[in-house]
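Peer 1: To start, I am sharing the structure in question, which I have written as structure tokens.
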Amino acid sequence: MAKSVVICEKPSQARALKAALGTRYGEILPACGHLLTLKEPDDVREDWKTWSAGLLWPGRFYEKKVIPDTRKYLDAIRAALRDAERVIVATDCDREGQLIGDEIVEFLGFRGETLRAIFNAEDPKSLQEAFGRLRPDREYRGLYDSGQAREQADQVTNLSLTRTATVTLKEPGAKGAIGIGRVKTPVLGIVCKRELEILNFKPQDLYEIDAGVKVTAGHLMLTCARLPASLMKEQDGAQAEEEKEELAEDDAALEEVEPLRGKIQDKALAEGLKTAVIGYKGPVRSRAERRKQAPPKLFDLTALQSTASARFGWSGDKTLDVAQKLYSERTLITYPRGEAKYLPENNIGDIPKLVPALLKLPDYGQHAPLLREPVVRKGKSGHFSDKALEGLSHYAIIPNVNTSDSFSRVVPQLSPDEARLFDLIVRQYLAALAPDHEYRQTTVWMPFAWRGHEWDFRASGRVPLVAGWKAIFGAGGKGEDDEPELPAVKDGETGEVLTAKLSTVTTKPPARYTEGSLIRVMQEAWRLVDDPALRERLKEAKGIGTPATRGDVVKGLLQQGQIVRKAKSLMPTEGGLQLYKVLMEVCPNVVDPGRTAIWETLFDRVEKKQMSSQDAVAKILQSAQAEIERISRNAGAARISIGKAGKPSEKMAAAAKTIAERKKIPLPKGALTDATVCRRFLEEHLPKREDGAAGGGPVAPSEKQVALAESLAQRLGRRIPEAARASSRELSAWIDEAMKAAPPRPPSEKQLALAERLAEEKGVDLPPAARTDMKACSAFIDAHMTGSRGGGTSGRGSGFPPRRPVPAR
């Protein structure tokens with residue numbers, strides 16, 4: 001029987017596969033996430049070791065290299081593939097999972113049959129079914145190519161813009177880089193935009209008229225807080241406001257500045273209405289109806305992170321870490337990194353097993369009567385929907401039915417954090433199967449004709465009738481969130497206004513984001529995009545970032561000093577706000593979440609094989625080049641200090657002391673410990689240099705840059721232009737063009753001798769390219785020094801990914 005090897009994404013996945021499959025599909029070996037990474041610019045070009053403004057594009061795809069800490073995983077897979085005839089890629093079934101698996105197979109040069117296992121749950125039943133319907137891996141080539149395009153475009157644009165911003169905008173003496181990223185920088189923009197709304201907020205007084213009305217059953221208070229629709233239309237012809245979505249817990253920060261349209265802002269008008277309504281007698285309208293409220297959607301990772309942030313004050317990455325343990329170590333929940341809030345309709349069949357197992361746990365047994373007949377809600381308005389899951393790899397986070405027999409044993413062993421998060425997930429699932437919450441909604445209103453328009457004085461009351469699913473969350477009885485019950489009013493009876501009072505309500509600025517609400521905004525970033533097509537594509541992409549990386553994005557902004565925590569809220573640092581303002585002025589698309597939608601549209605075409613990954617990256621880099629040029633033209637116009645400043649040099653500190661003594665002025669605080677403060681003091685008090693004396697002209701090339709250029713000139717038989725020898729930027733551009741035209745650099749004598757000796761020892765032929773191309777020779781040596789069979793190499797020395805090898809017959 002042909003030897004097979006299964007490659008999965010992580011050790012926990014390997015354990016699940018081994019438990020479900022045994023050895024029937026061969027040896028099961030894990031990666032550890034990405035085992036390979038793109039080479040850095042410093043690895044590719046000598047002159048790129050010195051940071052400068054420019055596009056870090058070598059004219060071809062960056063090659064891959066092994067991440068040192070993961071080499072043991074790659075070596076184990078390499079050894080297993082030596083005599084294997086078939087490999088099964090069993091990584092996660094999304095774009096990143098396809099990239100992780102295929103890049104290993106390709107890097108190691110495997111030439112046998114490659115199959116793909118697709119699954120979105122790791123219980124034994126799901127895994128066995130997935131391996132029972134293996135597909136040729138080539139069917140997923142488009143997904144792999146789109147993953148390659150994504151990582152190449154991200155590396156080149158993010159690093160290029162980061163270097164450009166750092167060398168052109170950074171405050172001299174400040175430590176650290178000014179990091180710019182496709183996801184990171186729009187998130188900074190979201191935080192900064194909110195901060196500017198708060199800083200620029202001007203309180204506005206709004207007016208409400210409270211009328212005391214006598215009716216048959218007693219007295220009630222009716223309030224007029226809005227202008228009549230006819231008056232609004234008369235004033236500006238605008239349509240009525242759209243209804244707002246009901247905001248969930250911790251969502252206050254999602255609201256923008258309170259809209260003023262339709263509110264009463266004219267005090268004189270309000271005073272006139274108050275006076276006019278006193279003594280009015282007229283019909284009072286009443287409407288009472290019994291209403292139902294369905295339970296909330298199930299958790300995806302973003303909703304889980306947002307809820308844990310509100311309830312426990314957890315960061316996004318802490319929630320993900322605890323959820324991952326519940327999934328991979330405890331096996332109590334389903335895959336936690338997805339973006340779906342629905343379950344497949346075939347999961348309805350799991351309810352009879354899963355619900356009783358949960359109700360046996362002490363915390364939930366009291367809800368057994370409520371769940372005696374679970375309510376199944378299908379379709380997009382419910383919880384079970386195949387339609388809503390189309391195109392998604394994973395479904396909602398719920399308790400794992402396949403390990404439900406172990407709940408009573410494992411749950412008592414959970415750590416406090418694990419228990420709290422598991423409790424959130426269990427209650428959300430049980431609530432989804434509980435009856436609706438029912439209440440009586442009463443609305444009473446009194447129309448009052450004044451100045452040619454009909455003004456509504458109204459009140460509403462809500463009284464809970466059936467707790468339903470709210471009982472599972474410990475709510476449902478009459479509580480502080482319920483509106484007061486109103487006296488019985490017969491619809492159309494006459495009421496009399498006995499009193500009227502003018503109340504002033506002052507608007508408040510919007511709240512800052514918490515980490516939980518910011519992560520949700522990242523998921524719903526399509527709301528921030530105006531272009532309808534980009535808005536829709538970003539909605540399909542589930543926002544910016546991925547569920548697994550959004551917490552890391554926030555963490556990165558904090559570590560880089562672009563944002564800071566203030567209690568539970570997030571706000572930009574001074575440097576972060578400066579960066580946002582500069583980017584908004586010179587290249588606002590870098591701050592725009594819609595940029596991700598543009599990229600995703602290109603990646604879609606790559607996945608569908610309508611465009612090559614190289615063409616997609618080239619299109620993205622055209623825009624990146626324009627952004628780099630616009631930032632570079634702003635050099636010197638702004639100085640941004642992000643991160644901790646370094647100490648001033650001894651000469652700077654001595655010069656500052658001398659000036660202070662000579663001019664008899666005090667040194668500013670921090671002048672001897674903060675290079676930025678010291679430099680500003682010196683610039684203010686030292687005599688100004690003449691234009692061009694320092695930094696006015698072009699920057700001269702470095703010795704290494706010149707040496708590389710001369711080496712290329714010799715290989716090509718060309719002259720280096722004098723203008724290029726005088727300018728680092730000009731010489732860098734000349735090197736870029738020359739490297740595209742230069743023939744491969746031959747290997748050194750020692751390198752070639754080593755390659756020939758390895759070929760002889762391994763009994764393989766030395767490829768012709770290895771005798772003339774230093775990179776090909778180096779790749780051959782790398783492969784055979786570690787014992788790889790068949791001279792396997794990634795084939796990426798050409799700059800483009802090779803085609804998938806034809807399976808061996």
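Every chain in the structure tokens takes a letter, A first, then B, and so on in the order presented; its residues are numbered from 1, and the ligands are numbered from 1 following the presented order.
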Neighbours of region 739-755 of chain A within 7 Å (only C-alpha atoms; same-chain residues fewer than 5 positions away dropped), as a list of chain:residue names?
Peer 2: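 In the requested form, the answer reads A:Gly59, A:Leu712, A:Arg715, A:Leu716, A:Arg771, A:Thr772, A:Asp773, A:Met774, A:Cys777, A:Phe780, A:Ile781.
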Peer 1: When DSSP is applied to the backbone of this structure, which of region 343-587 of chain A are assigned strand (DSSP E)? Write them out as an MDAnalysis selection string.
Peer 2: chainID A and resid 437:450 453:466 494:506 563:566 569:572
Peer 1: Give me a file of those residues, with N, CA and C atoms, as a CSV table (one decimal), in the first residue's frame.
Peer 2:
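Final output, out-v1.csv:
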```csv
chain,number,residue,atom,x,y,z
A,437,HIS,N,-39.2,35.8,24.3
A,437,HIS,CA,-39.6,36.7,25.4
A,437,HIS,C,-40.8,37.5,25.0
A,438,GLU,N,-41.9,37.5,25.8
A,438,GLU,CA,-43.1,38.2,25.5
A,438,GLU,C,-43.4,39.3,26.5
A,439,TYR,N,-43.9,40.4,25.9
A,439,TYR,CA,-44.2,41.6,26.7
A,439,TYR,C,-45.4,42.3,26.1
A,440,ARG,N,-46.0,43.2,26.9
A,440,ARG,CA,-47.1,44.0,26.4
A,440,ARG,C,-46.5,45.4,26.2
A,441,GLN,N,-46.6,45.9,25.0
A,441,GLN,CA,-46.1,47.3,24.7
A,441,GLN,C,-47.3,48.2,24.5
A,442,THR,N,-47.4,49.2,25.4
A,442,THR,CA,-48.5,50.2,25.3
A,442,THR,C,-47.9,51.6,24.9
A,443,THR,N,-48.6,52.2,24.0
A,443,THR,CA,-48.3,53.5,23.5
A,443,THR,C,-49.5,54.4,23.6
A,444,VAL,N,-49.3,55.6,24.3
A,444,VAL,CA,-50.4,56.5,24.4
A,444,VAL,C,-49.9,57.8,23.8
A,445,TRP,N,-50.7,58.5,23.0
A,445,TRP,CA,-50.3,59.7,22.4
A,445,TRP,C,-51.5,60.7,22.2
A,446,MET,N,-51.2,61.9,22.2
A,446,MET,CA,-52.2,63.0,22.1
A,446,MET,C,-51.8,64.0,21.1
A,447,PRO,N,-52.4,64.0,19.9
A,447,PRO,CA,-52.0,65.0,18.9
A,447,PRO,C,-52.5,66.4,19.2
A,448,PHE,N,-51.7,67.4,18.9
A,448,PHE,CA,-52.0,68.8,19.3
A,448,PHE,C,-51.7,69.6,18.1
A,449,ALA,N,-52.7,70.2,17.5
A,449,ALA,CA,-52.5,71.1,16.3
A,449,ALA,C,-52.1,72.5,16.7
A,450,TRP,N,-50.9,72.9,16.2
A,450,TRP,CA,-50.4,74.2,16.5
A,450,TRP,C,-49.5,74.7,15.4
A,453,HIS,N,-49.2,72.6,12.2
A,453,HIS,CA,-48.6,71.2,12.2
A,453,HIS,C,-49.2,70.5,13.4
A,454,GLU,N,-49.1,69.1,13.3
A,454,GLU,CA,-49.6,68.3,14.4
A,454,GLU,C,-48.4,67.8,15.3
A,455,TRP,N,-48.4,68.2,16.5
A,455,TRP,CA,-47.4,67.9,17.4
A,455,TRP,C,-47.8,66.7,18.3
A,456,ASP,N,-47.0,65.7,18.4
A,456,ASP,CA,-47.3,64.5,19.2
A,456,ASP,C,-46.8,64.6,20.6
A,457,PHE,N,-47.7,64.4,21.6
A,457,PHE,CA,-47.2,64.2,23.0
A,457,PHE,C,-47.5,62.7,23.3
A,458,ARG,N,-46.5,62.0,23.7
A,458,ARG,CA,-46.6,60.6,23.8
A,458,ARG,C,-45.9,60.0,25.0
A,459,ALA,N,-46.3,58.8,25.3
A,459,ALA,CA,-45.6,58.0,26.3
A,459,ALA,C,-45.7,56.5,26.0
A,460,SER,N,-44.8,55.7,26.4
A,460,SER,CA,-44.9,54.3,26.1
A,460,SER,C,-44.5,53.5,27.4
A,461,GLY,N,-45.0,52.3,27.5
A,461,GLY,CA,-44.7,51.4,28.6
A,461,GLY,C,-44.6,50.0,28.1
A,462,ARG,N,-43.7,49.3,28.8
A,462,ARG,CA,-43.5,47.9,28.4
A,462,ARG,C,-43.6,47.0,29.7
A,463,VAL,N,-44.4,46.0,29.7
A,463,VAL,CA,-44.6,45.1,30.8
A,463,VAL,C,-44.2,43.7,30.4
A,464,PRO,N,-43.3,43.0,31.1
A,464,PRO,CA,-42.9,41.6,30.7
A,464,PRO,C,-44.1,40.7,31.1
A,465,LEU,N,-44.4,39.8,30.2
A,465,LEU,CA,-45.4,38.8,30.4
A,465,LEU,C,-44.9,37.4,30.5
A,466,VAL,N,-44.0,37.0,29.6
A,466,VAL,CA,-43.3,35.7,29.6
A,466,VAL,C,-41.8,35.9,29.5
A,494,THR,N,-61.4,61.7,25.7
A,494,THR,CA,-60.9,63.0,25.8
A,494,THR,C,-60.0,63.2,27.0
A,495,GLY,N,-58.9,63.8,26.7
A,495,GLY,CA,-58.0,64.2,27.8
A,495,GLY,C,-57.8,65.7,27.9
A,496,GLU,N,-57.4,66.1,29.1
A,496,GLU,CA,-57.2,67.5,29.3
A,496,GLU,C,-55.8,67.8,29.8
A,497,VAL,N,-55.1,68.7,29.2
A,497,VAL,CA,-53.7,69.1,29.6
A,497,VAL,C,-53.9,70.1,30.8
A,498,LEU,N,-53.5,69.6,32.0
A,498,LEU,CA,-53.6,70.5,33.2
A,498,LEU,C,-52.3,71.3,33.4
A,499,THR,N,-51.2,70.6,33.1
A,499,THR,CA,-49.9,71.3,33.4
A,499,THR,C,-48.9,71.1,32.2
A,500,ALA,N,-47.9,71.9,32.0
A,500,ALA,CA,-46.9,71.7,31.0
A,500,ALA,C,-45.6,72.3,31.6
A,501,LYS,N,-44.5,71.5,31.4
A,501,LYS,CA,-43.2,71.9,31.9
A,501,LYS,C,-42.2,71.7,30.8
A,502,LEU,N,-41.3,72.7,30.7
A,502,LEU,CA,-40.2,72.7,29.7
A,502,LEU,C,-39.0,72.0,30.4
A,503,SER,N,-38.4,71.0,29.7
A,503,SER,CA,-37.2,70.3,30.2
A,503,SER,C,-36.1,70.5,29.2
A,504,THR,N,-34.9,70.7,29.7
A,504,THR,CA,-33.7,70.9,28.9
A,504,THR,C,-32.8,69.6,28.9
A,505,VAL,N,-32.5,69.1,27.8
A,505,VAL,CA,-31.6,67.9,27.7
A,505,VAL,C,-30.4,68.3,27.0
A,506,THR,N,-29.2,68.2,27.6
A,506,THR,CA,-28.0,68.6,26.9
A,506,THR,C,-27.3,67.3,26.3
A,563,ILE,N,-1.8,54.1,20.2
A,563,ILE,CA,-3.0,54.3,21.0
A,563,ILE,C,-2.6,53.9,22.4
A,564,VAL,N,-3.5,54.3,23.4
A,564,VAL,CA,-3.2,54.0,24.8
A,564,VAL,C,-4.5,53.7,25.5
A,565,ARG,N,-4.5,53.0,26.6
A,565,ARG,CA,-5.7,52.7,27.4
A,565,ARG,C,-5.9,53.8,28.3
A,566,LYS,N,-7.2,54.2,28.5
A,566,LYS,CA,-7.6,55.1,29.6
A,566,LYS,C,-8.8,54.4,30.3
A,569,SER,N,-11.3,52.3,28.2
A,569,SER,CA,-11.4,52.8,26.9
A,569,SER,C,-10.0,52.9,26.2
A,570,LEU,N,-10.1,53.1,24.9
A,570,LEU,CA,-8.9,53.3,24.1
A,570,LEU,C,-8.9,54.7,23.4
A,571,MET,N,-7.8,55.4,23.4
A,571,MET,CA,-7.7,56.7,22.8
A,571,MET,C,-6.3,56.8,22.1
A,572,PRO,N,-6.2,57.7,21.1
A,572,PRO,CA,-4.9,57.8,20.4
A,572,PRO,C,-3.9,58.5,21.3
```
Peer 1: Check the smallest atom-to-atom distance from each of A:Thr185, A:Val376, A:Arg639, A:Ile209 to Leu269 (chain A) using only C-alpha atoms, then report the winner.
Peer 2: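 Of all the options, A:Ile209 lies closest to Leu269 (chain A).
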Peer 1: Need to verify the contact set: Gly670 (chain A), 10 Å, only C-alpha atoms, exclusion of same-chain residues closer than 6 positions in sequence. Can you return it as a count of residues only?
Peer 2: 5
Peer 1: So that I can check the secondary structure, give me every residue of region 145-193 of chain A assigned helix (DSSP H, G or I) by backbone DSSP, as a count of residues only.
Peer 2: 35
Peer 1: Interatomic distance between CA of Ala597 (chain A) and CA of Gly176 (chain A)?
Peer 2: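 A separation of 29.7 Å between them.
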Peer 1: Taking only C-alpha atoms into account, name the residue in A:Ile333, A:Ala626, A:Arg719, A:Ile178 that is nearest to Gly561 (chain A).
Peer 2: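 Using only C-alpha atoms, the shortest distance to Gly561 (chain A) belongs to A:Ile178.
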Peer 1: Counting only C-alpha atoms, which of A:Gly181, A:Gly365, A:Pro532, A:Pro547 gets nearest to His394 (chain A)?
Peer 2: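 Result for the nearest residue to His394 (chain A): A:Pro547.
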Peer 1: Tell me which of A:Ile278, A:Glu600, A:Ser160, A:Phe422 sits closest to Lys325 (chain A), counting only C-alpha atoms.
Peer 2: A:Phe422
Peer 1: Smallest atom-to-atom distance to Thr334 (chain A): which of A:Asp123, A:Glu208, A:Glu171, A:Glu139, using only C-alpha atoms?
Peer 2: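 Among the listed residues, A:Asp123 lies closest to Thr334 (chain A).
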Peer 1: What gap, in Å, lies between CA of Gly382 (chain A) and CA of Ala432 (chain A)?
Peer 2: 8.4 Å
Peer 1: If we count only C-alpha atoms, what is near Glu418 (chain A) at a cut-off of 12 Å, once residues fewer than 5 positions away on the same chain are taken out, given as number ranges by chain?
Peer 2: A: 308, 318-327, 329-333, 410-413, 423-425
